[in-house]
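Working notes for the structure below.
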Amino acid sequence: VGNVQFFAPDYDNQHDFQTNVDYNVGKHQLRGRFLYDRFRAPNLNPSLPLPEFTGATYRDARKVAFTDIWAVTSRLANDFRLSYSRNNQGWSIPDAFSNFPNAKIDELGLNIGPEDNSPQGGTQNTYQVLDNLSYIIGSHQFKFGVEYRNTISPSDFLPRARGEWDYATLSEFINDLVPAGSNGALRGAGLSVFAGNQQSLYWFVQDDIKITRNLTLNLGLRYEYTTNPRDADTQELNSIASLPGVFDFRKPKTDTNNFGPRFGFAYSPDFSG
């Protein structure tokens, strides 16, 4: 008895393009961007790549961005940006096998059915607004910035949702015995949908100080705040199973103390003598 091997062609199709629009008016530099990406490939079971079991691997990405760089004065400049991006990806299987469990035969190294971890997929929509301000006075260059993001990110994945029967031998499989392979008989249970929706707020302040003509200090402070994924709160529904002092099923707390001080310097040695 040995491993059974099969072969199938593998390929992918990808289309990408980018469109840019730039326009200068007065003290404003206006810029627009659109990015497009489309990817398609077969979703094969590498152990048994039969066309009946083959689904699709897909990925679609889109991004629209707008930027306004405004030279308010010779000392003051503002950089404002808006963007929206969408990423959608997944691994599908033929509808006829949506409830078809995978059957493994260990002694043959064989896995009968669609790709093990399929179907699954997810989408991420990100809305972003950002504004940076730069001001020069004397030997100082002050920079201030704030950014807000709203991410809407549903996903759909339940490991072994279709079930898995792992037979140690071909004889077990033919005689319909209880699977005695390394994984036995498994099937995922529970919800497959998870909403990873999050909101984020970032800000920073910075001062670049020119101490001498060849030495500049960089001093600053950054703060980041990101909420927990929305459905992480559902852990609280399992609180009855908590084991005090060991693990607790509860609504996770959001981290609110993400301050990051910045310090740096740029020095250029003078070898002129």
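Ligands are numbered from 1 in the order shown, chains are lettered A, B, ... in the order of the structure tokens, and residues start at 1 in each chain.
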Problem - Shell around Val129 (chain A) at 9 Å using only C-alpha atoms, local window under 6 positions removed, as a ChimeraX atom specification - result: /A:80-83,146-149
Problem - All residues 10 Å or closer to region 55-58 of chain A, only C-alpha atoms, same chain fewer than 4 positions away omitted, as a PyMOL selection string - result: chain A and resi 12-14+38-45+51+88-95+97+114-115+118-121
Exercise for the section: Fewer than 4 positions away in the same chain doesn't count, so skip those; otherwise give me all residues within 8 Å of Pro49 (chain A), counting only C-alpha atoms, as a list of chain:residue names. Expected result: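 The neighbour list is A:Phe6, A:Phe7, A:Ala8, A:Leu44, A:Asn45, A:Phe53, A:Thr54.
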Exercise for the section: Please provide as a PyMOL selection string all residues within 12 Å of region 34-36 of chain A, with the sequence filter that same-chain residues fewer than 4 positions apart are discarded (counting only C-alpha atoms). Expected result: chain A and resi 14-21+59-66+83-87
How would the residues just picked look written out with N, CA, C and O atoms as an mmCIF file, in the first residue's frame?
data_model
loop_
_atom_site.group_PDB
_atom_site.id
_atom_site.type_symbol
_atom_site.label_atom_id
_atom_site.label_comp_id
_atom_site.auth_asym_id
_atom_site.auth_seq_id
_atom_site.Cartn_x
_atom_site.Cartn_y
_atom_site.Cartn_z
ATOM 1 N N GLN A 14 -5.238 37.442 -13.400
ATOM 2 C CA GLN A 14 -5.250 38.663 -12.603
ATOM 3 C C GLN A 14 -5.282 39.879 -13.516
ATOM 4 O O GLN A 14 -4.574 39.939 -14.521
ATOM 5 N N HIS A 15 -6.135 40.856 -13.145
ATOM 6 C CA HIS A 15 -6.259 42.105 -13.889
ATOM 7 C C HIS A 15 -6.066 43.262 -12.908
ATOM 8 O O HIS A 15 -6.705 43.306 -11.853
ATOM 9 N N ASP A 16 -5.185 44.181 -13.237
ATOM 10 C CA ASP A 16 -4.905 45.340 -12.392
ATOM 11 C C ASP A 16 -4.829 46.586 -13.261
ATOM 12 O O ASP A 16 -4.301 46.539 -14.383
ATOM 13 N N PHE A 17 -5.366 47.672 -12.735
ATOM 14 C CA PHE A 17 -5.106 48.957 -13.363
ATOM 15 C C PHE A 17 -5.260 50.073 -12.342
ATOM 16 O O PHE A 17 -5.888 49.913 -11.290
ATOM 17 N N GLN A 18 -4.658 51.209 -12.637
ATOM 18 C CA GLN A 18 -4.690 52.371 -11.752
ATOM 19 C C GLN A 18 -4.940 53.617 -12.586
ATOM 20 O O GLN A 18 -4.377 53.782 -13.660
ATOM 21 N N THR A 19 -5.802 54.484 -12.072
ATOM 22 C CA THR A 19 -6.123 55.748 -12.735
ATOM 23 C C THR A 19 -5.761 56.904 -11.806
ATOM 24 O O THR A 19 -6.130 56.887 -10.627
ATOM 25 N N ASN A 20 -5.024 57.874 -12.317
ATOM 26 C CA ASN A 20 -4.610 59.040 -11.539
ATOM 27 C C ASN A 20 -5.109 60.316 -12.202
ATOM 28 O O ASN A 20 -5.073 60.443 -13.430
ATOM 29 N N VAL A 21 -5.545 61.254 -11.394
ATOM 30 C CA VAL A 21 -5.942 62.582 -11.867
ATOM 31 C C VAL A 21 -5.288 63.613 -10.962
ATOM 32 O O VAL A 21 -5.452 63.563 -9.737
ATOM 33 N N ARG A 59 -10.357 37.071 -5.465
ATOM 34 C CA ARG A 59 -9.971 38.244 -4.682
ATOM 35 C C ARG A 59 -10.249 39.489 -5.513
ATOM 36 O O ARG A 59 -9.794 39.593 -6.653
ATOM 37 N N ASP A 60 -11.003 40.405 -4.952
ATOM 38 C CA ASP A 60 -11.308 41.677 -5.613
ATOM 39 C C ASP A 60 -10.941 42.815 -4.673
ATOM 40 O O ASP A 60 -11.347 42.812 -3.507
ATOM 41 N N ALA A 61 -10.188 43.768 -5.187
ATOM 42 C CA ALA A 61 -9.783 44.922 -4.379
ATOM 43 C C ALA A 61 -10.047 46.201 -5.158
ATOM 44 O O ALA A 61 -9.766 46.285 -6.362
ATOM 45 N N ARG A 62 -10.600 47.192 -4.465
ATOM 46 C CA ARG A 62 -10.861 48.500 -5.059
ATOM 47 C C ARG A 62 -10.439 49.567 -4.053
ATOM 48 O O ARG A 62 -10.579 49.392 -2.845
ATOM 49 N N LYS A 63 -9.949 50.683 -4.563
ATOM 50 C CA LYS A 63 -9.580 51.791 -3.681
ATOM 51 C C LYS A 63 -9.792 53.104 -4.413
ATOM 52 O O LYS A 63 -9.384 53.259 -5.574
ATOM 53 N N VAL A 64 -10.449 54.049 -3.742
ATOM 54 C CA VAL A 64 -10.642 55.408 -4.253
ATOM 55 C C VAL A 64 -10.044 56.359 -3.226
ATOM 56 O O VAL A 64 -10.329 56.247 -2.029
ATOM 57 N N ALA A 65 -9.197 57.281 -3.682
ATOM 58 C CA ALA A 65 -8.532 58.208 -2.756
ATOM 59 C C ALA A 65 -8.532 59.616 -3.329
ATOM 60 O O ALA A 65 -8.383 59.815 -4.541
ATOM 61 N N PHE A 66 -8.708 60.576 -2.439
ATOM 62 C CA PHE A 66 -8.664 61.999 -2.809
ATOM 63 C C PHE A 66 -7.718 62.714 -1.855
ATOM 64 O O PHE A 66 -7.756 62.499 -0.635
ATOM 65 N N SER A 83 -10.329 58.484 1.711
ATOM 66 C CA SER A 83 -10.200 57.278 0.904
ATOM 67 C C SER A 83 -11.244 56.241 1.320
ATOM 68 O O SER A 83 -11.746 56.247 2.454
ATOM 69 N N TYR A 84 -11.547 55.389 0.359
ATOM 70 C CA TYR A 84 -12.409 54.223 0.609
ATOM 71 C C TYR A 84 -11.778 53.032 -0.092
ATOM 72 O O TYR A 84 -11.382 53.116 -1.268
ATOM 73 N N SER A 85 -11.636 51.927 0.626
ATOM 74 C CA SER A 85 -11.091 50.714 0.030
ATOM 75 C C SER A 85 -11.981 49.530 0.377
ATOM 76 O O SER A 85 -12.586 49.472 1.451
ATOM 77 N N ARG A 86 -12.038 48.597 -0.561
ATOM 78 C CA ARG A 86 -12.849 47.391 -0.370
ATOM 79 C C ARG A 86 -12.047 46.176 -0.841
ATOM 80 O O ARG A 86 -11.515 46.171 -1.960
ATOM 81 N N ASN A 87 -11.943 45.193 0.031
ATOM 82 C CA ASN A 87 -11.269 43.944 -0.303
ATOM 83 C C ASN A 87 -12.216 42.785 -0.038
ATOM 84 O O ASN A 87 -12.757 42.660 1.073
#
Contact table region 104-126 of chain A vs region 156-171 of chain A, cut-off 7 Å, shortest pair per residue, only C-alpha atoms, as JSON lines:
{"residue": "A:Lys104", "atom": "CA", "partner": "A:Asp166", "partner_atom": "CA", "distance": 4.6}
{"residue": "A:Ile105", "atom": "CA", "partner": "A:Tyr167", "partner_atom": "CA", "distance": 4.8}
{"residue": "A:Asp106", "atom": "CA", "partner": "A:Ala168", "partner_atom": "CA", "distance": 4.9}
{"residue": "A:Glu107", "atom": "CA", "partner": "A:Thr169", "partner_atom": "CA", "distance": 5.5}
{"residue": "A:Asn117", "atom": "CA", "partner": "A:Pro159", "partner_atom": "CA", "distance": 6.1}
{"residue": "A:Gln120", "atom": "CA", "partner": "A:Phe157", "partner_atom": "CA", "distance": 4.7}
{"residue": "A:Gly121", "atom": "CA", "partner": "A:Asp156", "partner_atom": "CA", "distance": 5.4}
{"residue": "A:Gly122", "atom": "CA", "partner": "A:Asp156", "partner_atom": "CA", "distance": 6.0}
Deliver the residues from the most recent selection as a file, using C-alpha atoms, as a compact mmCIF listing (two decimals), in the first residue's frame.
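Written out: out-v2.txt:
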# COMPACT_ATOMS: atom_id res chain seq x y z
CA LYS A 104 -9.54 10.74 4.29
CA ILE A 105 -7.78 7.39 3.96
CA ASP A 106 -4.51 7.64 5.84
CA GLU A 107 -2.72 4.60 4.38
CA ASN A 117 -10.97 24.45 4.64
CA GLN A 120 -14.73 30.50 3.50
CA GLY A 121 -14.44 34.19 2.73
CA GLY A 122 -14.54 37.72 3.97
Exercise for the section: Would you kindly return, as an MDAnalysis selection string, each protein, DNA or RNA residue with an atom no farther than 12 Å from any atom of Arg75 (chain A), considering only C-alpha atoms and excluding same-chain residues fewer than 3 positions away? Expected result: chainID A and resid 70:72 78 133:143
Keeping only N, CA and C atoms, write those residues as a PDB file, in the first residue's frame.
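The file below, part.pdb, is the result:
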ATOM      1  N   TRP A  70      -2.548  71.820   0.513  1.00  0.00           N
ATOM      2  CA  TRP A  70      -2.841  73.263   0.488  1.00  0.00           C
ATOM      3  C   TRP A  70      -1.664  74.024   1.109  1.00  0.00           C
ATOM      4  N   ALA A  71      -1.008  74.819   0.313  1.00  0.00           N
ATOM      5  CA  ALA A  71       0.058  75.696   0.817  1.00  0.00           C
ATOM      6  C   ALA A  71      -0.590  76.979   1.310  1.00  0.00           C
ATOM      7  N   VAL A  72      -0.969  76.985   2.579  1.00  0.00           N
ATOM      8  CA  VAL A  72      -1.713  78.105   3.145  1.00  0.00           C
ATOM      9  C   VAL A  72      -0.865  79.374   3.103  1.00  0.00           C
ATOM     10  N   ASN A  78      -1.067  72.263   4.623  1.00  0.00           N
ATOM     11  CA  ASN A  78      -2.051  71.295   5.120  1.00  0.00           C
ATOM     12  C   ASN A  78      -2.236  70.178   4.094  1.00  0.00           C
ATOM     13  N   LEU A 133      -0.901  68.786   9.404  1.00  0.00           N
ATOM     14  CA  LEU A 133      -0.579  70.208   9.343  1.00  0.00           C
ATOM     15  C   LEU A 133       0.897  70.391   9.660  1.00  0.00           C
ATOM     16  N   SER A 134       1.581  71.211   8.861  1.00  0.00           N
ATOM     17  CA  SER A 134       2.998  71.470   9.070  1.00  0.00           C
ATOM     18  C   SER A 134       3.222  72.971   9.141  1.00  0.00           C
ATOM     19  N   TYR A 135       3.977  73.412  10.165  1.00  0.00           N
ATOM     20  CA  TYR A 135       4.216  74.846  10.373  1.00  0.00           C
ATOM     21  C   TYR A 135       5.683  75.068  10.718  1.00  0.00           C
ATOM     22  N   ILE A 136       6.324  75.986  10.017  1.00  0.00           N
ATOM     23  CA  ILE A 136       7.739  76.294  10.226  1.00  0.00           C
ATOM     24  C   ILE A 136       7.864  77.684  10.838  1.00  0.00           C
ATOM     25  N   ILE A 137       8.608  77.768  11.936  1.00  0.00           N
ATOM     26  CA  ILE A 137       8.886  79.062  12.562  1.00  0.00           C
ATOM     27  C   ILE A 137      10.277  78.976  13.202  1.00  0.00           C
ATOM     28  N   GLY A 138      11.150  79.874  12.808  1.00  0.00           N
ATOM     29  CA  GLY A 138      12.503  79.871  13.333  1.00  0.00           C
ATOM     30  C   GLY A 138      13.215  78.561  13.032  1.00  0.00           C
ATOM     31  N   SER A 139      13.771  77.945  14.054  1.00  0.00           N
ATOM     32  CA  SER A 139      14.475  76.677  13.888  1.00  0.00           C
ATOM     33  C   SER A 139      13.569  75.466  14.113  1.00  0.00           C
ATOM     34  N   HIS A 140      12.257  75.714  14.229  1.00  0.00           N
ATOM     35  CA  HIS A 140      11.305  74.644  14.510  1.00  0.00           C
ATOM     36  C   HIS A 140      10.441  74.338  13.281  1.00  0.00           C
ATOM     37  N   GLN A 141      10.160  73.042  13.098  1.00  0.00           N
ATOM     38  CA  GLN A 141       9.138  72.611  12.150  1.00  0.00           C
ATOM     39  C   GLN A 141       8.145  71.746  12.918  1.00  0.00           C
ATOM     40  N   PHE A 142       6.974  72.323  13.192  1.00  0.00           N
ATOM     41  CA  PHE A 142       5.934  71.616  13.942  1.00  0.00           C
ATOM     42  C   PHE A 142       5.044  70.830  12.976  1.00  0.00           C
ATOM     43  N   LYS A 143       4.678  69.622  13.406  1.00  0.00           N
ATOM     44  CA  LYS A 143       3.778  68.789  12.617  1.00  0.00           C
ATOM     45  C   LYS A 143       2.690  68.239  13.524  1.00  0.00           C
TER      46      LYS A 143
END
Practice task
Would you work out the distance separating CA of Leu237 (chain A) from CA of Ala185 (chain A), expressed in Å to one decimal?
Solution key: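 Calculated distance between CA of Leu237 (chain A) and CA of Ala185 (chain A) is 27.5 Å.
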Handout entry: For Thr256 (chain A): contacts at 7 Å, only C-alpha atoms, fewer than 2 positions along chain excluded, given as a list of chain:residue names
Key =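 The neighbour list is A:Tyr225, A:Thr254, A:Asn258.
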Would you save the residues from that selection as a PDB file, in the first residue's frame, using all heavy atoms?
ATOM      1  N   TYR A 225      -5.765  54.553  19.098  1.00  0.00           N
ATOM      2  CA  TYR A 225      -6.910  53.910  19.757  1.00  0.00           C
ATOM      3  C   TYR A 225      -7.686  53.125  18.715  1.00  0.00           C
ATOM      4  O   TYR A 225      -8.075  53.673  17.675  1.00  0.00           O
ATOM      5  CB  TYR A 225      -7.822  54.951  20.412  1.00  0.00           C
ATOM      6  CG  TYR A 225      -9.123  54.378  20.935  1.00  0.00           C
ATOM      7  CD1 TYR A 225      -9.161  53.728  22.157  1.00  0.00           C
ATOM      8  CD2 TYR A 225     -10.294  54.467  20.189  1.00  0.00           C
ATOM      9  CE1 TYR A 225     -10.341  53.188  22.642  1.00  0.00           C
ATOM     10  CE2 TYR A 225     -11.486  53.941  20.659  1.00  0.00           C
ATOM     11  CZ  TYR A 225     -11.507  53.302  21.883  1.00  0.00           C
ATOM     12  OH  TYR A 225     -12.668  52.753  22.350  1.00  0.00           O
ATOM     13  N   THR A 254     -11.134  47.408  25.848  1.00  0.00           N
ATOM     14  CA  THR A 254     -10.392  48.098  24.800  1.00  0.00           C
ATOM     15  C   THR A 254      -9.180  48.787  25.401  1.00  0.00           C
ATOM     16  O   THR A 254      -9.275  49.447  26.434  1.00  0.00           O
ATOM     17  CB  THR A 254     -11.286  49.143  24.103  1.00  0.00           C
ATOM     18  OG1 THR A 254     -12.438  48.490  23.569  1.00  0.00           O
ATOM     19  CG2 THR A 254     -10.540  49.820  22.963  1.00  0.00           C
ATOM     20  N   ASN A 258      -2.353  53.671  24.544  1.00  0.00           N
ATOM     21  CA  ASN A 258      -1.309  53.472  23.541  1.00  0.00           C
ATOM     22  C   ASN A 258      -0.644  54.793  23.152  1.00  0.00           C
ATOM     23  O   ASN A 258      -0.843  55.325  22.054  1.00  0.00           O
ATOM     24  CB  ASN A 258      -1.893  52.791  22.297  1.00  0.00           C
ATOM     25  CG  ASN A 258      -2.302  51.361  22.589  1.00  0.00           C
ATOM     26  OD1 ASN A 258      -1.586  50.629  23.249  1.00  0.00           O
ATOM     27  ND2 ASN A 258      -3.473  50.991  22.113  1.00  0.00           N
TER      28      ASN A 258
END
Fill in the blank from the handout: Using only C-alpha atoms, the shortest atom-to-atom distance to Val193 (chain A) among A:Asn111, A:Ser155, A:Asn150, A:Gln128 belongs to A:Ser155
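Across the structure, CA of Gly145 (chain A) and CA of Gln29 (chain A) are spaced 18.6 Å apart.
The coordinates place CA of Ser239 (chain A) at 16.1 Å from CA of Gly190 (chain A).
Within 8 Å of region 248-251 of chain A, once only C-alpha atoms are used and residues closer than 6 positions along the same chain are dropped, the contacting residues are Ala232, Asp233, Thr234, Gln235, Glu236, Leu237, Asn238, Ser239, Ile240, Ala241 and Ser242 of chain A.
Minimum atom-to-atom distances from A:Leu50, A:Leu243, A:Leu130, A:Ala103 to Asp68 (chain A) were compared using only C-alpha atoms, and the lowest value belongs to A:Leu130.
If only C-alpha atoms are the atoms counted, then among A:Pro252, A:Gly32, A:Pro244, A:Gly220 the closest residue to Gly264 (chain A) is A:Gly220.
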Exercise for the section: Please return as a PyMOL selection string: the residues of region 137-233 of chain A that backbone DSSP assigns to alpha helix (DSSP H). Expected result: chain A and resi 170-174
